[in-house]
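These notes concern the structure reproduced below.
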Amino acid sequence: MDPNATLIAESLLLYSKVQSRCYTLPIEASLEDLLPLALESPSTTIVVLDFDQTLKLVGPERTIKLRGGHPSLKALEKMRDVGAKLIIVTAASPRKDILKSLAKEIRQLDLEDLFDLREFDSKIIFDAIQTWGENEEMGIKKLTVKLLILLVVLTDRYPSDIERMSYSKIRFNQDNTKISYRLHHPYNPGEWSAELHLVSNKDNLRLCPVRCWTEYLARTQHLRSDSSMPDNLFVHIDSGGVPAPYVMQAKEIEVLIENYLTEAGYTLKMMRGVFQDIIEEMVSPNDVHVMRMGSLLAARYNKPEAVEMFLDKEDPEHHIDRIIFVDDNSDNVLNMFSYFAMRSSPTVYSFWFPPPLDGKMEAHDPVQRILLEHLIK
């Protein structure tokens with residue numbers, strides 16, 4: 001007997017009594033087709049979506065659009081509004097640069113709020129800064145905060161990085177339109193980061209980091225001759241608002257920035273990503289590595305493990321008892337189903353959403369495809 005046929009028959013017998021199910025969506029469908037199932041028990045449901053060719057389609061000249069268009073968008077919003085959790089799990093490599101690139105595309109599709117990927121909106125604080133007056137007229141505390149905020153927003157540096165900015169390694173170019181600087185190595189004294197750069201803002205002088213930096217150096221120059229002052233750019237501000245010859249620690253930097261952002265109208269949620277990297281690595285007990293940013297996960301071919309790790313962290317009490325999974329690759333659909341199918345919970349509803357006719361055809365295992373087609377029947 002054909003060993004593949006035997007394997008398929010044994011698998012079908014094994015899965016014949018499980019609650020989990022496999023389905024297929026028509027090529028021309030939208031995610032609206034998932035609504036009846038998602039709305040049955042939204043508060044205990046997680047909707048897990050692949051990205052390329054499941055959510056994102058590439059059009060002429062590399063333009064991108066949402067598969068299923070407006071109906072898909074409204075369906076996702078409806079699921080979110082009634083309490084279902086939405087996440088994206090891709091087969092992309094678990095690397096920060098790749099995750100940031102994917103997040104950028106998700107924002108281009110206007111899906112950032114659905115997947116917890118909204119960027120820090122600097123416009124509010126920049127508008128506030130422009131009302132503070134000229135650098136020369138500010139008190140040293142406000143001038144310090146202004147420079148800290150400009151650095152955080154313009155360089156993607158966190159307070160722990162800013163604390164390590166060296167004073168002695170600062171260099172200006174000839175026309176004072178660019179600053180070069182280095183960071184102290186976090187663990188090895190005497191070692192430095194690569195040279196980093198920050199350029200002036202000629203269009204808006206009140207938001208120019210070079211002008212602000214120059215004024216800050218002038219105001220704190222008198223402290224640099226103190227033998228107790230370490231080689232750090234930022235100095236401590238005491239309770240009276242007076243600079244002192246001590247290093248400004250990361251926590252002090254964070255508190256100063258947070259206070260002024262709160263005053264400008266930011267909530268703690270709006271500040272997310274300002275004080276620490278919102279990308280995190282998750283590692284399973286069997287050494288599967290997944291990178292996460294908001295509700296976007298990069299997992300290579302370990303999508304089931306990624307979902308399991310996400311649930312372990314976000315749902316430790318195991319309230320989620322239903323997974324709705326959608327992918328354009330049939331192997332991924334079967335793998336997600338088989339990973340969870342023999343468990344009592346959660347129940348998996350695994351949907352194959354075949355690639356569009358003008359899309360990239362999937363690479364798949366022929367035997368797994370046959371098994372999936374039998375399970376779909």
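The chains in the structure tokens are called A, B, ... from first to last as shown; in each chain the residues are counted from 1, and the ligands are counted from 1 in the order shown.
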Check your understanding: Could you name the residues that touch Met361 of chain A at 12 Å or less, counting only C-alpha atoms, but leaving out those on the same chain fewer than 6 positions away, as a PyMOL selection string?
Key -> chain A and resi 52-53+328-330+353-355
Check your understanding: Which residues, written as a PyMOL selection string, have at least one atom at most 10 Å from Ser11 of chain A, with only C-alpha atoms counted and residues fewer than 6 positions away on the same chain left out?
Key -> chain A and resi 5+338+371+375
Would you output that residue set with C-alpha atoms, as a compact mmCIF listing (two decimals), in the first residue's frame?
# COMPACT_ATOMS: atom_id res chain seq x y z
CA ALA A 5 -2.04 6.94 1.48
CA SER A 338 -2.35 19.75 13.75
CA LEU A 371 -4.60 15.68 3.75
CA LEU A 375 -9.99 17.62 6.26
Check your understanding: Among segment 281-317 of chain A, which ones does DSSP place in strand (DSSP E or B), written as a ChimeraX atom specification?
Key -> /A:281-283,289-293,296-298
Selection to disk with N, CA, C and O atoms, as a JSON list (two decimals), in the first residue's frame:
[["chain", "number", "residue", "atom", "x", "y", "z"],
["A", 281, "GLU", "N", 12.11, 39.91, 22.00],
["A", 281, "GLU", "CA", 12.33, 38.55, 21.52],
["A", 281, "GLU", "C", 11.70, 37.58, 22.50],
["A", 281, "GLU", "O", 11.88, 37.70, 23.71],
["A", 282, "MET", "N", 10.98, 36.61, 21.97],
["A", 282, "MET", "CA", 10.40, 35.55, 22.79],
["A", 282, "MET", "C", 11.08, 34.24, 22.41],
["A", 282, "MET", "O", 11.29, 33.96, 21.22],
["A", 283, "VAL", "N", 11.43, 33.45, 23.42],
["A", 283, "VAL", "CA", 12.11, 32.18, 23.19],
["A", 283, "VAL", "C", 11.35, 31.08, 23.92],
["A", 283, "VAL", "O", 11.08, 31.19, 25.12],
["A", 289, "HIS", "N", 12.79, 30.86, 18.43],
["A", 289, "HIS", "CA", 12.93, 32.30, 18.60],
["A", 289, "HIS", "C", 11.89, 33.03, 17.75],
["A", 289, "HIS", "O", 11.77, 32.78, 16.55],
["A", 290, "VAL", "N", 11.18, 33.95, 18.40],
["A", 290, "VAL", "CA", 10.15, 34.75, 17.74],
["A", 290, "VAL", "C", 10.38, 36.20, 18.12],
["A", 290, "VAL", "O", 10.69, 36.51, 19.27],
["A", 291, "MET", "N", 10.24, 37.11, 17.16],
["A", 291, "MET", "CA", 10.37, 38.53, 17.44],
["A", 291, "MET", "C", 8.98, 39.15, 17.41],
["A", 291, "MET", "O", 8.19, 38.88, 16.50],
["A", 292, "ARG", "N", 8.72, 40.01, 18.40],
["A", 292, "ARG", "CA", 7.37, 40.58, 18.54],
["A", 292, "ARG", "C", 7.44, 42.10, 18.63],
["A", 292, "ARG", "O", 8.28, 42.67, 19.29],
["A", 293, "MET", "N", 6.51, 42.75, 17.94],
["A", 293, "MET", "CA", 6.32, 44.20, 18.03],
["A", 293, "MET", "C", 4.82, 44.44, 18.07],
["A", 293, "MET", "O", 4.12, 44.22, 17.07],
["A", 296, "LEU", "N", 2.32, 42.07, 16.22],
["A", 296, "LEU", "CA", 2.97, 41.56, 15.01],
["A", 296, "LEU", "C", 4.10, 40.64, 15.43],
["A", 296, "LEU", "O", 4.98, 41.04, 16.20],
["A", 297, "LEU", "N", 4.09, 39.40, 14.93],
["A", 297, "LEU", "CA", 5.10, 38.41, 15.29],
["A", 297, "LEU", "C", 5.78, 37.89, 14.04],
["A", 297, "LEU", "O", 5.13, 37.56, 13.04],
["A", 298, "ALA", "N", 7.11, 37.83, 14.07],
["A", 298, "ALA", "CA", 7.90, 37.22, 13.00],
["A", 298, "ALA", "C", 8.43, 35.90, 13.53],
["A", 298, "ALA", "O", 9.17, 35.87, 14.51]]
Point to revise | Distance in Å - atom CA of Ala244 of chain A versus atom CA of His222 of chain A | key: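 Atom CA of Ala244 of chain A sits 10.1 Å away from atom CA of His222 of chain A.
For Leu57 of chain A, the set of protein, DNA and RNA residues having any atom at most 6 Å away, when counting only C-alpha atoms and skipping those fewer than 6 positions along the same chain, is A:Ile64, A:Lys65, A:Arg67.
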Check your understanding: What does the distance from atom CA of Glu61 of chain A to atom CA of Lys100 of chain A come to in Å, to one decimal?
Key -> 21.5 Å
